[in-house]
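Chemist: Just dropping this structure here.
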Amino acid sequence: MFKNFKKGGHRKPSKSSDSSADASSKGIGAPGPGPTSKSGVGAPAQNTVEPVVPPPMTHVEPLPLLGKSPASERQNLFMRKLQVCCFQFDFTDTLKSAREKEIKRQTLLELVDFIQSGTGKVAEACLGEMIKMVGVNIFRCLPPASHESSGTEVVDPHEEENYSEPSWQHLQIVYELLLRYVVSSDTDTKVAKRYIDHTFVLKLLDLFDTEDFREREYLKMVLHRIYGKFMVHRPLIRKSISNIFYRFIYETERHSGVGELLEILGSIINGFSMPMREEHKLFLMRALIPLHKTKQVGNYHQQLSYCIVQFVDKDYKLADMVIRGLLKYWPLVNCQKEVLFLGELEEVLEETQSAEFQRCMVPLFRKIARCLNSPHFQVAERALFFWNSEHIVSLIAENRQVILPIIFEALEKNIQSHWNTEVHGLTVNVRKMFLEMDAELVDECQKQLAEKQAKAREVAEQREMTWKKLEDAARK
């Protein structure tokens, strides 16, 4: 994303330039023969004065370039540039403070180059001020959501215009600076965690509710890198994401960043060790599965489905709980949502073993039988696609004595009366498949269906006769 606003990338310094930089960059904390500081951020040499926080600046002014300043003054200049970047501007008026805005933008770009180039480590005093500057810029009250300010219902984000943060030309570079620092191999996590602390992480998570998708993408990258690099924050991040989901599911049903948070979780779940801890199973049961019940599930279903399948792939014994959870929140009148559920169900069944399949197959195929007879052809077609999977067909064949009697009537009904030719053809193929598996069972199911239909006709005739007697009695 940094290429969007600045060309050029990281240039790996040569060995000769490394040695010259070490000799001339004592003030930047370059490694040298001198004693190391307790902070470990980058020890200055003995004759280097520690950088001090300069007095507050009253206005924005251009400063000398870091690359052209003496090494001994570079850290103090870095601090002054951070102060320039702390100034806030009104971006609703593009002409207001245009010169100051450009100075700040160029200063931010220079700071990103400084961090990315790796010419020297950031001293601890500068690190605290840099994280403070990042917070001043990105931590803010988010504007009300578009539907909240207009009083309309939440709509599909693909059907409305994307919101753009007015100050994005500065915010993007601030996020890039933070990202470059977090991913840098020079970053000492023992020191950095004093400033990128729990409060900082919680504020980052709050920003995921922004409606600007560009900011959510940067937040996703930053938080993912923090999770990977700062092990001390991992339990907090997982718990905080759970709390966001709980509030979304049971209170507001509105949050812009659920999809991005689920993308981070997909990577986290992929790294779970086995045997899986109980807290992870509870997270699946209490947070991820209930996410299926919201009206906005279509906006993040792809990421949610990936997380669910990852859990089953890690521990196949969770398949029964997942399948029953999907059946619990199965949509009743939303056909597009039903198609999504069927797709996810197929992926889960691909990872399901025989023992877990047998525990849930009766309620599962009762639901599938109803889907087979759906007048919406996409629902019926998607349910019939289950028989394209070799693994699912093997599970069905192993348990055909239970499954076929459940779905046989639905298959016959489709063959006789479904309006869609594709659904009709797929149903015929499925019936042939069962005939090849067990022709005797098909004949037996056919007889049972005929008996059931005959009884139904008899009951209907008796009902008609009873009503006719009542009508005759009423006429008398």
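Naming scheme: A, B, ... for chains in displayed order of the structure tokens; residues 1 onward per chain; ligands 1 onward as shown.
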Where does DSSP see helix (DSSP H, G or I) in region 151-217 of chain A, if you list the residues as a ChimeraX atom specification?
Modeler: /A:157-159,168-183,189-192,198-209,213-217
Chemist: At most 10 Å is the cut-off: for each residue in region 344-390 of chain A with any atom that close to an atom of region 414-429 of chain A, write down the nearest atom pair and the distance in Å rounded to one decimal, counting only C-alpha atoms, chain first then increasing number, as a tab-separated table.
Modeler:
residue	atom	partner	partner_atom	distance
A:Leu372	CA	A:Asn414	CA	7.5
A:Asn373	CA	A:Asn414	CA	6.4
A:Ser374	CA	A:His418	CA	9.0
A:Pro375	CA	A:His418	CA	7.6
A:His376	CA	A:Asn420	CA	9.1
A:Phe377	CA	A:Asn420	CA	6.5
A:Gln378	CA	A:Val423	CA	8.7
A:Val379	CA	A:Val423	CA	9.7
A:Ala380	CA	A:Val423	CA	6.6
A:Glu381	CA	A:Val423	CA	5.6
A:Arg382	CA	A:Val423	CA	9.4
A:Ala383	CA	A:Val423	CA	9.8
A:Leu384	CA	A:Leu426	CA	6.6
A:Phe385	CA	A:Leu426	CA	8.2
A:Trp387	CA	A:Asn429	CA	9.2
Chemist: Please provide as a ChimeraX atom specification all residues within 7 Å of region 353-357 of chain A, with the sequence filter that same-chain residues fewer than 4 positions apart are discarded (counting only C-alpha atoms).
Modeler: /A:316-317,319-320,361,395
Chemist: Generate the output file for the selected residues, all heavy atoms, as an mmCIF file, in the first residue's frame.
Modeler:
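This is the output file result-v4.cif:
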data_model
loop_
_atom_site.group_PDB
_atom_site.id
_atom_site.type_symbol
_atom_site.label_atom_id
_atom_site.label_comp_id
_atom_site.auth_asym_id
_atom_site.auth_seq_id
_atom_site.Cartn_x
_atom_site.Cartn_y
_atom_site.Cartn_z
ATOM 1 N N TYR A 316 -11.151 -32.876 14.432
ATOM 2 C CA TYR A 316 -12.337 -33.400 13.742
ATOM 3 C C TYR A 316 -13.486 -33.699 14.700
ATOM 4 O O TYR A 316 -14.645 -33.793 14.283
ATOM 5 C CB TYR A 316 -11.975 -34.653 12.954
ATOM 6 C CG TYR A 316 -11.560 -35.837 13.809
ATOM 7 C CD1 TYR A 316 -12.505 -36.736 14.293
ATOM 8 C CD2 TYR A 316 -10.227 -36.056 14.123
ATOM 9 C CE1 TYR A 316 -12.138 -37.817 15.068
ATOM 10 C CE2 TYR A 316 -9.843 -37.122 14.912
ATOM 11 C CZ TYR A 316 -10.803 -38.011 15.384
ATOM 12 O OH TYR A 316 -10.433 -39.082 16.166
ATOM 13 N N LYS A 317 -13.207 -33.825 15.992
ATOM 14 C CA LYS A 317 -14.260 -34.113 16.959
ATOM 15 C C LYS A 317 -15.208 -32.925 17.143
ATOM 16 O O LYS A 317 -16.285 -33.080 17.717
ATOM 17 C CB LYS A 317 -13.646 -34.495 18.303
ATOM 18 C CG LYS A 317 -12.880 -35.813 18.266
ATOM 19 C CD LYS A 317 -12.293 -36.158 19.624
ATOM 20 C CE LYS A 317 -11.521 -37.477 19.563
ATOM 21 N NZ LYS A 317 -10.927 -37.809 20.879
ATOM 22 N N ALA A 319 -16.676 -31.448 14.741
ATOM 23 C CA ALA A 319 -17.603 -31.404 13.597
ATOM 24 C C ALA A 319 -19.056 -31.498 14.045
ATOM 25 O O ALA A 319 -19.926 -30.780 13.526
ATOM 26 C CB ALA A 319 -17.268 -32.525 12.619
ATOM 27 N N ASP A 320 -19.350 -32.377 14.998
ATOM 28 C CA ASP A 320 -20.731 -32.547 15.456
ATOM 29 C C ASP A 320 -21.270 -31.246 16.038
ATOM 30 O O ASP A 320 -22.390 -30.821 15.715
ATOM 31 C CB ASP A 320 -20.789 -33.673 16.498
ATOM 32 C CG ASP A 320 -22.178 -33.859 17.072
ATOM 33 O OD1 ASP A 320 -23.140 -33.902 16.288
ATOM 34 O OD2 ASP A 320 -22.301 -33.930 18.309
ATOM 35 N N MET A 361 -26.293 -37.122 11.766
ATOM 36 C CA MET A 361 -26.788 -37.326 10.401
ATOM 37 C C MET A 361 -28.313 -37.255 10.300
ATOM 38 O O MET A 361 -28.848 -36.838 9.261
ATOM 39 C CB MET A 361 -26.283 -38.653 9.842
ATOM 40 C CG MET A 361 -26.738 -39.881 10.591
ATOM 41 S SD MET A 361 -25.987 -41.358 9.877
ATOM 42 C CE MET A 361 -26.607 -42.621 10.996
ATOM 43 N N LEU A 395 -19.533 -41.344 3.191
ATOM 44 C CA LEU A 395 -20.229 -41.287 4.473
ATOM 45 C C LEU A 395 -21.705 -41.656 4.305
ATOM 46 O O LEU A 395 -22.284 -42.388 5.134
ATOM 47 C CB LEU A 395 -20.117 -39.887 5.079
ATOM 48 C CG LEU A 395 -18.732 -39.438 5.532
ATOM 49 C CD1 LEU A 395 -18.762 -37.970 5.948
ATOM 50 C CD2 LEU A 395 -18.230 -40.296 6.690
#
Chemist: Looking at A:Met57, A:Arg475, A:Ile308, A:Glu409, which one is nearest to Lys452 (chain A), with distances taken over only C-alpha atoms?
Modeler: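 Checking each candidate against Lys452 (chain A), we get A:Glu409 as the closest.
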Chemist: Extract, using only C-alpha atoms, all DNA, RNA and protein residues at most 8 Å from region 166-178 of chain A, discarding same-chain residues fewer than 2 positions from it, and format them as a ChimeraX atom specification.
Modeler: /A:2,91-92,104-105,108-109,111-112,115,131,134,137-138,164,180-182,215,218-219,222
Chemist: Would you mind listing what lies within 12 Å of Thr210 (chain A) as a CSV table (one decimal) with C-alpha atoms, in the first residue's frame, with only C-alpha atoms counted and same-chain residues fewer than 6 positions away left out?
Modeler:
chain,number,residue,atom,x,y,z
A,138,ILE,CA,-5.0,7.6,14.6
A,139,PHE,CA,-6.9,7.4,17.9
A,140,ARG,CA,-9.9,9.6,17.5
A,141,CYS,CA,-13.7,9.4,17.8
A,142,LEU,CA,-15.1,7.7,14.7
A,143,PRO,CA,-18.0,9.5,12.9
A,144,PRO,CA,-21.5,7.9,13.1
A,145,ALA,CA,-22.2,5.2,10.6
A,146,SER,CA,-24.0,6.3,7.5
A,162,ASN,CA,-17.5,3.6,0.2
A,163,TYR,CA,-16.8,6.1,3.0
A,164,SER,CA,-13.4,7.9,2.7
A,165,GLU,CA,-11.7,9.3,5.8
A,204,LEU,CA,-6.4,-0.2,17.8
A,216,ARG,CA,-9.4,-1.4,8.2
A,217,GLU,CA,-6.9,-3.1,5.9
A,218,TYR,CA,-4.0,-1.3,7.6
A,219,LEU,CA,-5.4,-2.1,11.0
A,254,ARG,CA,-23.5,-3.4,13.6
A,255,HIS,CA,-19.8,-3.4,13.2
A,256,SER,CA,-17.7,-2.5,10.1
A,257,GLY,CA,-14.7,-4.7,10.9
A,258,VAL,CA,-16.0,-8.2,11.6
A,260,GLU,CA,-11.1,-8.1,8.9
Chemist: With a distance cut-off of 10 Å and only C-alpha atoms, select the neighbouring residues of His292 (chain A), excluding the residue or stretch itself and same-chain residues fewer than 3 positions from it, and output the selection as a PDB file with N, CA and C atoms, in the first residue's frame.
Modeler:
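Contents of result-v9.pdb, as written:
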ATOM      1  N   ILE A 249     -23.157  -9.526  18.160  1.00  0.00           N
ATOM      2  CA  ILE A 249     -24.195 -10.562  18.020  1.00  0.00           C
ATOM      3  C   ILE A 249     -25.414 -10.240  18.876  1.00  0.00           C
ATOM      4  N   ALA A 287     -18.861 -17.637  20.242  1.00  0.00           N
ATOM      5  CA  ALA A 287     -18.674 -16.445  19.405  1.00  0.00           C
ATOM      6  C   ALA A 287     -18.802 -16.752  17.920  1.00  0.00           C
ATOM      7  N   LEU A 288     -18.023 -17.728  17.417  1.00  0.00           N
ATOM      8  CA  LEU A 288     -17.990 -17.946  15.971  1.00  0.00           C
ATOM      9  C   LEU A 288     -19.291 -18.545  15.437  1.00  0.00           C
ATOM     10  N   ILE A 289     -19.790 -19.595  16.067  1.00  0.00           N
ATOM     11  CA  ILE A 289     -21.024 -20.218  15.567  1.00  0.00           C
ATOM     12  C   ILE A 289     -22.211 -19.249  15.643  1.00  0.00           C
ATOM     13  N   LYS A 295     -28.118 -10.666  10.554  1.00  0.00           N
ATOM     14  CA  LYS A 295     -28.609 -10.337   9.215  1.00  0.00           C
ATOM     15  C   LYS A 295     -27.473 -10.035   8.249  1.00  0.00           C
ATOM     16  N   GLN A 296     -26.336  -9.580   8.781  1.00  0.00           N
ATOM     17  CA  GLN A 296     -25.215  -9.172   7.929  1.00  0.00           C
ATOM     18  C   GLN A 296     -24.222 -10.296   7.659  1.00  0.00           C
ATOM     19  N   VAL A 297     -24.581 -11.555   7.932  1.00  0.00           N
ATOM     20  CA  VAL A 297     -23.625 -12.650   7.805  1.00  0.00           C
ATOM     21  C   VAL A 297     -23.063 -12.751   6.387  1.00  0.00           C
ATOM     22  N   GLY A 298     -23.819 -12.339   5.390  1.00  0.00           N
ATOM     23  CA  GLY A 298     -23.322 -12.397   4.021  1.00  0.00           C
ATOM     24  C   GLY A 298     -22.108 -11.517   3.789  1.00  0.00           C
ATOM     25  N   TYR A 300     -19.541 -11.150   5.746  1.00  0.00           N
ATOM     26  CA  TYR A 300     -18.295 -11.716   6.274  1.00  0.00           C
ATOM     27  C   TYR A 300     -18.314 -13.244   6.272  1.00  0.00           C
ATOM     28  N   HIS A 301     -19.255 -13.848   5.540  1.00  0.00           N
ATOM     29  CA  HIS A 301     -19.403 -15.301   5.623  1.00  0.00           C
ATOM     30  C   HIS A 301     -18.179 -16.047   5.113  1.00  0.00           C
ATOM     31  N   LEU A 304     -15.735 -16.132   7.917  1.00  0.00           N
ATOM     32  CA  LEU A 304     -16.273 -16.942   9.009  1.00  0.00           C
ATOM     33  C   LEU A 304     -16.197 -18.426   8.666  1.00  0.00           C
ATOM     34  N   SER A 305     -16.578 -18.779   7.447  1.00  0.00           N
ATOM     35  CA  SER A 305     -16.535 -20.172   7.022  1.00  0.00           C
ATOM     36  C   SER A 305     -15.111 -20.713   7.086  1.00  0.00           C
ATOM     37  N   GLY A 325     -24.642 -26.540  15.353  1.00  0.00           N
ATOM     38  CA  GLY A 325     -24.724 -25.081  15.455  1.00  0.00           C
ATOM     39  C   GLY A 325     -25.265 -24.455  14.183  1.00  0.00           C
ATOM     40  N   LEU A 326     -24.812 -24.954  13.031  1.00  0.00           N
ATOM     41  CA  LEU A 326     -25.336 -24.455  11.751  1.00  0.00           C
ATOM     42  C   LEU A 326     -26.826 -24.750  11.620  1.00  0.00           C
ATOM     43  N   LYS A 328     -28.914 -25.049  14.034  1.00  0.00           N
ATOM     44  CA  LYS A 328     -29.636 -24.198  14.991  1.00  0.00           C
ATOM     45  C   LYS A 328     -29.931 -22.826  14.405  1.00  0.00           C
ATOM     46  N   TYR A 329     -28.969 -22.256  13.660  1.00  0.00           N
ATOM     47  CA  TYR A 329     -29.124 -20.903  13.112  1.00  0.00           C
ATOM     48  C   TYR A 329     -29.489 -20.915  11.627  1.00  0.00           C
ATOM     49  N   TRP A 330     -30.012 -22.036  11.151  1.00  0.00           N
ATOM     50  CA  TRP A 330     -30.337 -22.166   9.723  1.00  0.00           C
ATOM     51  C   TRP A 330     -31.420 -21.153   9.338  1.00  0.00           C
ATOM     52  N   PRO A 331     -31.229 -20.422   8.244  1.00  0.00           N
ATOM     53  CA  PRO A 331     -32.222 -19.412   7.828  1.00  0.00           C
ATOM     54  C   PRO A 331     -33.521 -20.065   7.377  1.00  0.00           C
ATOM     55  N   LYS A 337     -28.913 -16.679   1.923  1.00  0.00           N
ATOM     56  CA  LYS A 337     -28.211 -17.083   3.140  1.00  0.00           C
ATOM     57  C   LYS A 337     -28.168 -18.604   3.254  1.00  0.00           C
ATOM     58  N   PHE A 341     -24.967 -21.213   3.729  1.00  0.00           N
ATOM     59  CA  PHE A 341     -24.890 -22.247   4.768  1.00  0.00           C
ATOM     60  C   PHE A 341     -24.595 -23.614   4.165  1.00  0.00           C
TER      61      PHE A 341
END
Chemist: In terms of the shortest atom-to-atom distance over only C-alpha atoms, which of A:Val362, A:Thr352, A:Asp209, A:Tyr227 is closest to His391 (chain A)?
Modeler: A:Thr352
Chemist: Mind pulling up the distance from CA of Glu110 (chain A) to CA of Leu65 (chain A)?
Modeler: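 Distance between the two atoms: 7.9 Å.
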Chemist: Just how far from CA of Leu63 (chain A) is CA of Leu77 (chain A), in Å to one decimal?
Modeler: 8.0 Å
Chemist: Using only C-alpha atoms, determine which residues lie at most 12 Å from Arg99 (chain A), disregarding the query and same-chain residues fewer than 2 positions distant; provide the list as an NGL selection string.
Modeler: :A and (59-62 or 89 or 94-97 or 101-106)
Chemist: Of the candidates A:Thr187, A:Val459, A:Phe208, A:Ala98, which shows the shortest atom-to-atom distance to Gln116 (chain A), using only C-alpha atoms?
Modeler: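 Smallest separation from Gln116 (chain A) among the options: A:Thr187.
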Chemist: From the set A:Ala473, A:Leu179, A:Ile323, A:Cys371, which residue has the shortest atom-to-atom contact distance to Leu349 (chain A), counting only C-alpha atoms?
Modeler: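 Ranked by minimum distance to Leu349 (chain A), first place goes to A:Ile323.
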Chemist: How many Å lie between CA of Thr466 (chain A) and CA of Leu449 (chain A), rounded to one decimal?
Modeler: 25.6 Å
